[in-house]
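Structure, as structure tokens:
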Amino acid sequence: MTNDRAIPPVRPDPESLPFWEAAREGRFLIRRCRACAQAHWFPRSLCPFCWTADTTWEQASGHGTVYSWTVLRAGAVPNIVAFVELDEGPRMLTDLVDVDPDAVAIGQLVEIVFCRTSDPDGPPVPMFRPR
Amino acid sequence: MTIRHAACIVGAFEHPTRHAPDKSHAQLHAEVAAGAIADAGLSRDDIDGYFCSGDAPGGLQSMLNYLNLTVRHVDATDIGGVSPVVQVAHAAAAIALGRCSVALITLAGRPRADRIRTGTEPRIRHAAAPDVQWEYPYAIPTAASYALAARRHMHEFGTTSEQLAWIKVAASHHAQHNQHAVLRDLVTVEDVVNSPLVADPLHRLDCCVISDGGGAVVVARPDIARSLARPVVRVLGAGESTGHQHGGRIDLTRTAAVRTGPVAFAEAGVTPADIRYASLYDSFTITVLLQLEDLGFCGKGKGGAFVSDGALISGVGRLAVNTDGGGLCNNHPANRGGITKIIEAVRQLRGEAHPAVQVPDCALALVHGTGGQLATRHGAGTLILERAA
Ligand SMILES: [Zn+2]
């Protein structure tokens, strides 16, 4: 799945590498704390809520709803930026793809789709489309 | 300990330029510094504290070298365009502790001359910033960040584009009297909502101007302030904080003003109802509306009704806001609105605003700023100032 816009590449770091390696396999991971049981976004080694290091990767449903959205019209291709509230709880900054800007609404059900960046060797990035 | 009555703003200067292709970036800092010191009636040798933020080229060390200043207190706090607002409070605290007596704060830049697409082109602040890989692929420029907040506010509270437009209309009513303003033409609600969409639901006229220039203020010990010929403007209270994504629990309808406002009002011993004039950061129209709610000028979700029908126009409405025309019409130098917000509040308290927009007997003013990106990370600072009797 691709977005018509040239997507800037990501540069994984040691903390995020497992996320991006899973993304190459089409798996969407989030990070959850075993001490306080909370899932968070974006993934961190130390839980952002309790600062314990007892956090772990888990495969997320990839489902969520649109919390807010906007359309950037300055580029050649309109870009829909959104916050998606994951079914697991956290709200995540992302883009919406495969949808007409006039058909987007808050509360809309969406699902994950991985989109290639401008770096052919880099990992794809998680975006969302209507489901 | 409190900064209440610990320091006064004795000098304020806004550079008259709005387009400076013929000046260097550092030169603009020097010119506003000299302007503020002259306004105070002090000399450069009196300065023993210097404050700058992210717009200062090369940071503190380059600026002090260029200005040839030797000081005993420095501060480069940077939480976006609001930084000078919190630096006034930092200067007051430093003065209270005896760390300095005369503090200079400068802000300047030339994004217009450099043709920077401020609001519509994503910028990376630091390649190793932990949030870059989770944001940059999505191309979220500044305008999108504020548009996301506007959309959510509309969804939760029924706020309309027409209500947001009233904020721009008020700014234009003030800017018509400001000979230096970038945009001096009166605009109507229809003009705003019919201007092109930049980031839904924000239109071009919901956005601030891109301008060159800057400004500076001088904060000094109260006894020094009383020795000068200018009206005395005292620091009464302040608050600072930041807002961010909160581990994924972001609420786009609330800014960090919900924390800075109560702290500042408590320190000052006043309430929103006491404020006669407010400088409110206006990077976008939605910024003003959220701040009014979060500071307690109206209830959460009531901002749309509060700003409608000219309510922010001096002499007409319930609360005079940004009587210089604000960032929306007058000036947003270096893509940062903090310093101009302080300067117009000082003008109001001195009785030196344009007569058409001067609040009669303005004795108490509030300055509040929201810097950075509302949907990802933003800084906030509230400052309450009074004219000494
Ligand atoms: Zn935890």
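Residues in the structure tokens are named by chain (A, B, ... in the order shown) and by number from 1 within that chain; ligands are numbered from 1 in the order shown.
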>> Neighbours of ligand 1 at 7 Å or closer, counting only C-alpha atoms and all ligand atoms: which residues, as a PyMOL selection string?
In response: chain A and resi 33-38+47-52
Could you save the residues just selected, with N, CA, C and O atoms, as an mmCIF file, in the first residue's frame?
```
data_model
loop_
_atom_site.group_PDB
_atom_site.id
_atom_site.type_symbol
_atom_site.label_atom_id
_atom_site.label_comp_id
_atom_site.auth_asym_id
_atom_site.auth_seq_id
_atom_site.Cartn_x
_atom_site.Cartn_y
_atom_site.Cartn_z
ATOM 1 N N CYS A 33 3.293 -1.603 29.558
ATOM 2 C CA CYS A 33 4.022 -1.730 30.822
ATOM 3 C C CYS A 33 3.404 -2.862 31.644
ATOM 4 O O CYS A 33 2.192 -2.920 31.816
ATOM 5 N N ARG A 34 4.266 -3.769 32.141
ATOM 6 C CA ARG A 34 3.743 -4.860 32.959
ATOM 7 C C ARG A 34 3.494 -4.413 34.396
ATOM 8 O O ARG A 34 2.721 -5.020 35.123
ATOM 9 N N ALA A 35 4.151 -3.349 34.781
ATOM 10 C CA ALA A 35 3.980 -2.879 36.171
ATOM 11 C C ALA A 35 2.635 -2.180 36.352
ATOM 12 O O ALA A 35 1.937 -2.408 37.337
ATOM 13 N N CYS A 36 2.250 -1.323 35.384
ATOM 14 C CA CYS A 36 0.997 -0.564 35.542
ATOM 15 C C CYS A 36 -0.056 -0.973 34.520
ATOM 16 O O CYS A 36 -1.161 -0.433 34.523
ATOM 17 N N ALA A 37 0.304 -1.913 33.622
ATOM 18 C CA ALA A 37 -0.628 -2.499 32.656
ATOM 19 C C ALA A 37 -1.082 -1.535 31.563
ATOM 20 O O ALA A 37 -1.947 -1.871 30.757
ATOM 21 N N GLN A 38 -0.473 -0.332 31.506
ATOM 22 C CA GLN A 38 -0.912 0.662 30.530
ATOM 23 C C GLN A 38 -0.135 0.519 29.217
ATOM 24 O O GLN A 38 1.079 0.319 29.223
ATOM 25 N N CYS A 47 8.395 2.984 30.868
ATOM 26 C CA CYS A 47 6.976 3.352 30.790
ATOM 27 C C CYS A 47 6.819 4.851 31.065
ATOM 28 O O CYS A 47 7.313 5.348 32.080
ATOM 29 N N PRO A 48 6.145 5.593 30.164
ATOM 30 C CA PRO A 48 5.990 7.030 30.397
ATOM 31 C C PRO A 48 5.057 7.360 31.558
ATOM 32 O O PRO A 48 5.009 8.504 32.001
ATOM 33 N N PHE A 49 4.321 6.349 32.058
ATOM 34 C CA PHE A 49 3.390 6.620 33.154
ATOM 35 C C PHE A 49 3.989 6.323 34.525
ATOM 36 O O PHE A 49 3.666 6.988 35.497
ATOM 37 N N CYS A 50 4.854 5.279 34.604
ATOM 38 C CA CYS A 50 5.389 4.930 35.928
ATOM 39 C C CYS A 50 6.915 4.829 35.944
ATOM 40 O O CYS A 50 7.504 4.577 36.994
ATOM 41 N N TRP A 51 7.554 4.999 34.772
ATOM 42 C CA TRP A 51 9.015 5.000 34.658
ATOM 43 C C TRP A 51 9.663 3.681 35.069
ATOM 44 O O TRP A 51 10.840 3.659 35.384
ATOM 45 N N THR A 52 8.921 2.585 35.100
ATOM 46 C CA THR A 52 9.599 1.315 35.297
ATOM 47 C C THR A 52 10.068 0.808 33.929
ATOM 48 O O THR A 52 9.506 1.173 32.886
#
```
>> Quick one: residues within 8 Å of region 275-282 of chain B, only C-alpha atoms, excluding same-chain residues fewer than 6 positions away - as a VMD selection string?
In response: chain B and resid 82 208 288 291 319 to 323 326 to 328 337 to 338 341 to 342 344 to 345 348 359 362 to 370
Quick one: which chain A residues come within 9 Å of chain B, and what is the nearest atom pair for each with the distance in Å to one decimal, counting only C-alpha atoms, rows ordered by chain and ascending number, as a tab-separated table?
```
residue	atom	partner	partner_atom	distance
A:Ile7	CA	B:Pro137	CA	5.5
A:Pro8	CA	B:Pro137	CA	4.9
A:Pro9	CA	B:Pro137	CA	6.4
A:Val10	CA	B:Gln133	CA	5.3
A:Arg11	CA	B:Gln133	CA	6.5
A:Pro12	CA	B:Gln133	CA	7.3
A:Asp13	CA	B:Ala128	CA	8.9
A:Ala39	CA	B:Gly248	CA	8.5
A:His40	CA	B:Gly247	CA	5.3
A:Trp41	CA	B:Gly248	CA	4.8
A:Phe42	CA	B:Gly247	CA	6.9
A:Pro43	CA	B:Gly247	CA	8.7
A:Cys47	CA	B:Gly247	CA	8.6
A:Pro48	CA	B:Gly247	CA	5.8
A:Phe49	CA	B:Gly247	CA	7.2
A:Tyr67	CA	B:Arg152	CA	7.3
A:Ser68	CA	B:Arg152	CA	5.5
A:Trp69	CA	B:Leu148	CA	5.5
A:Thr70	CA	B:Asp200	CA	5.0
A:Val71	CA	B:Ala199	CA	5.2
A:Leu72	CA	B:Ala199	CA	4.9
A:Arg73	CA	B:Val198	CA	6.2
A:Ala74	CA	B:Thr120	CA	6.8
A:Gly75	CA	B:Thr120	CA	8.9
A:Asn79	CA	B:Ala139	CA	8.0
A:Ile80	CA	B:Tyr138	CA	8.8
A:Val81	CA	B:Ile140	CA	6.7
A:Ala82	CA	B:Leu148	CA	7.2
A:Phe83	CA	B:Leu148	CA	7.9
A:Glu85	CA	B:Gly248	CA	8.6
A:Gly89	CA	B:Gly248	CA	7.8
A:Pro90	CA	B:Gly248	CA	4.3
A:Arg91	CA	B:Gly248	CA	4.7
A:Met92	CA	B:Gly248	CA	6.4
A:Leu93	CA	B:Glu135	CA	6.8
A:Thr94	CA	B:Tyr138	CA	5.8
A:Asp95	CA	B:Tyr138	CA	5.7
A:Ile106	CA	B:His155	CA	7.6
A:Thr117	CA	B:Pro137	CA	7.8
A:Val125	CA	B:Pro137	CA	7.4
A:Met127	CA	B:Tyr138	CA	8.5
```
> What is the distance, in Å and to one decimal place, between CA of His29 (chain B) and CA of Thr106 (chain B)?
Replying inline: 6.1 Å
>> From a backbone DSSP assignment, name each residue in chain A labelled strand (DSSP E), as JSON, numbers by chain.
In response: {"A": [29, 30, 31, 32, 33, 39, 40, 55, 56, 57, 58, 59, 63, 64, 65, 66, 67, 68, 69, 70, 71, 72, 79, 80, 81, 82, 83, 84, 85, 86, 91, 92, 93, 94, 95, 96, 109, 110, 111, 112, 113, 114, 115, 125, 126, 127, 128, 129, 130]}
Go ahead and dump the residues you just picked, N, CA and C atoms, as a compact mmCIF listing (two decimals), in the first residue's frame.
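Written file, out.txt:
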```txt
# COMPACT_ATOMS: atom_id res chain seq x y z
N LEU A 29 3.34 -3.13 16.25
CA LEU A 29 3.60 -3.35 17.67
C LEU A 29 3.33 -2.09 18.48
N ILE A 30 2.84 -2.27 19.67
CA ILE A 30 2.81 -1.17 20.64
C ILE A 30 3.53 -1.66 21.89
N ARG A 31 3.78 -0.75 22.78
CA ARG A 31 4.54 -1.08 23.98
C ARG A 31 3.60 -0.98 25.18
N ARG A 32 3.67 -1.98 26.05
CA ARG A 32 2.82 -1.99 27.24
C ARG A 32 3.69 -2.21 28.47
N CYS A 33 3.29 -1.60 29.56
CA CYS A 33 4.02 -1.73 30.82
C CYS A 33 3.40 -2.86 31.64
N ALA A 39 -0.86 0.62 28.10
CA ALA A 39 -0.20 0.74 26.79
C ALA A 39 0.06 2.21 26.53
N HIS A 40 1.15 2.50 25.82
CA HIS A 40 1.43 3.90 25.51
C HIS A 40 1.84 4.07 24.05
N THR A 55 8.67 -3.04 30.53
CA THR A 55 7.76 -2.84 29.40
C THR A 55 8.03 -3.90 28.35
N THR A 56 7.02 -4.17 27.52
CA THR A 56 7.15 -5.25 26.54
C THR A 56 6.41 -4.90 25.26
N TRP A 57 6.89 -5.48 24.15
CA TRP A 57 6.19 -5.29 22.88
C TRP A 57 4.98 -6.21 22.83
N GLU A 58 3.91 -5.73 22.23
CA GLU A 58 2.79 -6.64 21.94
C GLU A 58 2.22 -6.26 20.58
N GLN A 59 1.69 -7.26 19.90
CA GLN A 59 1.08 -6.98 18.61
C GLN A 59 -0.29 -6.36 18.84
N HIS A 63 -6.49 -1.66 14.80
CA HIS A 63 -7.78 -0.99 14.63
C HIS A 63 -7.86 0.25 15.52
N GLY A 64 -8.57 1.26 15.03
CA GLY A 64 -8.76 2.46 15.83
C GLY A 64 -9.86 3.32 15.25
N THR A 65 -10.03 4.50 15.85
CA THR A 65 -11.00 5.47 15.34
C THR A 65 -10.31 6.82 15.18
N VAL A 66 -10.82 7.64 14.27
CA VAL A 66 -10.24 8.97 14.03
C VAL A 66 -10.60 9.88 15.20
N TYR A 67 -9.58 10.43 15.86
CA TYR A 67 -9.79 11.36 16.98
C TYR A 67 -9.83 12.81 16.48
N SER A 68 -8.95 13.14 15.53
CA SER A 68 -9.03 14.43 14.82
C SER A 68 -8.25 14.30 13.53
N TRP A 69 -8.50 15.22 12.61
CA TRP A 69 -7.83 15.13 11.31
C TRP A 69 -7.81 16.49 10.65
N THR A 70 -6.89 16.65 9.68
CA THR A 70 -6.82 17.86 8.87
C THR A 70 -6.24 17.49 7.52
N VAL A 71 -6.47 18.35 6.54
CA VAL A 71 -5.93 18.12 5.20
C VAL A 71 -4.96 19.24 4.86
N LEU A 72 -3.73 18.87 4.54
CA LEU A 72 -2.73 19.83 4.06
C LEU A 72 -2.82 19.89 2.55
N ASN A 79 -2.51 15.94 1.82
CA ASN A 79 -2.07 14.98 2.83
C ASN A 79 -3.00 15.08 4.03
N ILE A 80 -3.57 13.96 4.44
CA ILE A 80 -4.49 13.95 5.57
C ILE A 80 -3.73 13.52 6.82
N VAL A 81 -3.51 14.46 7.72
CA VAL A 81 -2.85 14.18 9.00
C VAL A 81 -3.94 13.93 10.03
N ALA A 82 -3.71 12.98 10.91
CA ALA A 82 -4.76 12.64 11.89
C ALA A 82 -4.15 12.16 13.19
N PHE A 83 -4.95 12.23 14.24
CA PHE A 83 -4.72 11.42 15.43
C PHE A 83 -5.72 10.27 15.37
N VAL A 84 -5.21 9.06 15.51
CA VAL A 84 -6.07 7.89 15.59
C VAL A 84 -6.02 7.35 17.01
N GLU A 85 -7.18 7.13 17.59
CA GLU A 85 -7.24 6.50 18.91
C GLU A 85 -7.27 4.99 18.70
N LEU A 86 -6.16 4.33 19.09
CA LEU A 86 -6.06 2.89 18.91
C LEU A 86 -7.06 2.18 19.81
N ARG A 91 -3.61 7.48 21.75
CA ARG A 91 -3.86 8.28 20.55
C ARG A 91 -2.53 8.47 19.83
N MET A 92 -2.55 8.27 18.53
CA MET A 92 -1.33 8.20 17.74
C MET A 92 -1.40 9.15 16.56
N LEU A 93 -0.35 9.95 16.41
CA LEU A 93 -0.25 10.83 15.25
C LEU A 93 0.08 9.98 14.03
N THR A 94 -0.64 10.23 12.92
CA THR A 94 -0.45 9.41 11.73
C THR A 94 -1.02 10.13 10.52
N ASP A 95 -1.01 9.45 9.38
CA ASP A 95 -1.70 9.95 8.19
C ASP A 95 -2.82 8.98 7.83
N LEU A 96 -3.85 9.51 7.18
CA LEU A 96 -4.90 8.66 6.62
C LEU A 96 -4.67 8.54 5.12
N LEU A 109 -14.07 4.52 11.71
CA LEU A 109 -13.29 3.31 12.01
C LEU A 109 -12.18 3.16 10.98
N VAL A 110 -10.98 2.91 11.46
CA VAL A 110 -9.83 2.79 10.55
C VAL A 110 -8.98 1.59 10.94
N GLU A 111 -8.13 1.17 9.98
CA GLU A 111 -7.22 0.05 10.23
C GLU A 111 -5.83 0.39 9.71
N ILE A 112 -4.85 -0.32 10.25
CA ILE A 112 -3.46 -0.01 9.93
C ILE A 112 -3.12 -0.44 8.50
N VAL A 113 -2.25 0.34 7.88
CA VAL A 113 -1.67 -0.05 6.60
C VAL A 113 -0.25 0.49 6.60
N PHE A 114 0.69 -0.34 6.18
CA PHE A 114 2.09 0.11 6.17
C PHE A 114 2.43 0.69 4.80
N CYS A 115 3.04 1.87 4.80
CA CYS A 115 3.34 2.57 3.56
C CYS A 115 4.85 2.75 3.40
N VAL A 125 6.13 2.81 7.08
CA VAL A 125 5.59 3.49 8.26
C VAL A 125 4.09 3.20 8.40
N PRO A 126 3.62 3.15 9.65
CA PRO A 126 2.20 2.83 9.87
C PRO A 126 1.29 4.02 9.59
N MET A 127 0.31 3.78 8.72
CA MET A 127 -0.74 4.77 8.46
C MET A 127 -2.08 4.04 8.58
N PHE A 128 -3.15 4.76 8.35
CA PHE A 128 -4.47 4.15 8.56
C PHE A 128 -5.39 4.43 7.37
N ARG A 129 -6.32 3.50 7.13
CA ARG A 129 -7.33 3.65 6.07
C ARG A 129 -8.67 3.20 6.63
N PRO A 130 -9.76 3.61 5.99
CA PRO A 130 -11.08 3.21 6.49
C PRO A 130 -11.22 1.69 6.51
```
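Here the helix (DSSP H, G or I) residues in region 5-112 of chain A, by DSSP on the backbone, are Leu17, Pro18, Phe19, Trp20, Glu21, Ala22, Ala23, Arg24, Pro101, Asp102 and Ala103 of chain A.
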Include N, CA and C atoms and write out the residues we just selected as an mmCIF file, in the first residue's frame.
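In the end it all went to result-v4.cif:
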```cif
data_model
loop_
_atom_site.group_PDB
_atom_site.id
_atom_site.type_symbol
_atom_site.label_atom_id
_atom_site.label_comp_id
_atom_site.auth_asym_id
_atom_site.auth_seq_id
_atom_site.Cartn_x
_atom_site.Cartn_y
_atom_site.Cartn_z
ATOM 1 N N LEU A 17 14.188 -0.110 17.136
ATOM 2 C CA LEU A 17 14.480 -1.064 16.066
ATOM 3 C C LEU A 17 13.493 -2.240 15.998
ATOM 4 N N PRO A 18 13.109 -2.848 17.128
ATOM 5 C CA PRO A 18 12.146 -3.963 17.022
ATOM 6 C C PRO A 18 10.826 -3.545 16.383
ATOM 7 N N PHE A 19 10.385 -2.320 16.659
ATOM 8 C CA PHE A 19 9.144 -1.842 16.050
ATOM 9 C C PHE A 19 9.272 -1.835 14.534
ATOM 10 N N TRP A 20 10.393 -1.278 14.069
ATOM 11 C CA TRP A 20 10.558 -1.104 12.623
ATOM 12 C C TRP A 20 10.859 -2.427 11.928
ATOM 13 N N GLU A 21 11.530 -3.350 12.608
ATOM 14 C CA GLU A 21 11.749 -4.678 12.021
ATOM 15 C C GLU A 21 10.410 -5.405 11.878
ATOM 16 N N ALA A 22 9.544 -5.265 12.857
ATOM 17 C CA ALA A 22 8.210 -5.871 12.765
ATOM 18 C C ALA A 22 7.396 -5.209 11.651
ATOM 19 N N ALA A 23 7.574 -3.893 11.504
ATOM 20 C CA ALA A 23 6.843 -3.176 10.457
ATOM 21 C C ALA A 23 7.202 -3.732 9.076
ATOM 22 N N ARG A 24 8.461 -4.132 8.905
ATOM 23 C CA ARG A 24 8.880 -4.728 7.625
ATOM 24 C C ARG A 24 8.100 -6.011 7.341
ATOM 25 N N PRO A 101 -10.547 13.153 1.105
ATOM 26 C CA PRO A 101 -10.603 14.070 2.252
ATOM 27 C C PRO A 101 -12.028 14.442 2.658
ATOM 28 N N ASP A 102 -12.914 14.520 1.702
ATOM 29 C CA ASP A 102 -14.301 14.888 2.030
ATOM 30 C C ASP A 102 -15.057 13.762 2.722
ATOM 31 N N ALA A 103 -14.458 12.563 2.773
ATOM 32 C CA ALA A 103 -15.153 11.410 3.370
ATOM 33 C C ALA A 103 -14.616 11.070 4.749
#
```
>> Can you pull out the residues contacting Gly11 (chain B)? Cut-off 7 Å, using only C-alpha atoms, and skip same-chain residues under 6 positions away; I want them as a ChimeraX atom specification.
In response: /B:36-37,39-40,217-218
Given the selection you just returned, output its residues as a file containing C-alpha atoms, formatted as a short mmCIF file (atom, residue, chain, number, x, y, z; two decimals), in the first residue's frame.
```cif
data_model
loop_
_atom_site.label_atom_id
_atom_site.label_comp_id
_atom_site.auth_asym_id
_atom_site.auth_seq_id
_atom_site.Cartn_x
_atom_site.Cartn_y
_atom_site.Cartn_z
CA ALA B 36 14.83 48.75 24.46
CA ILE B 37 17.76 50.12 26.44
CA ASP B 39 13.44 53.31 25.75
CA ALA B 40 14.31 52.56 29.37
CA VAL B 217 12.38 44.20 26.79
CA VAL B 218 14.43 45.25 29.80
#
```
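For the atom pair formed by CA of Pro57 (chain B) and CA of Thr142 (chain B), the distance is 21.2 Å, given to one decimal.
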> With distances taken over only C-alpha atoms, which of B:Thr77, B:Thr382, B:Gln358, B:Gln87 is nearest to Ala257 (chain B)?
Replying inline: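 Once distances to Ala257 (chain B) are computed over only C-alpha atoms, the minimum belongs to B:Thr382.
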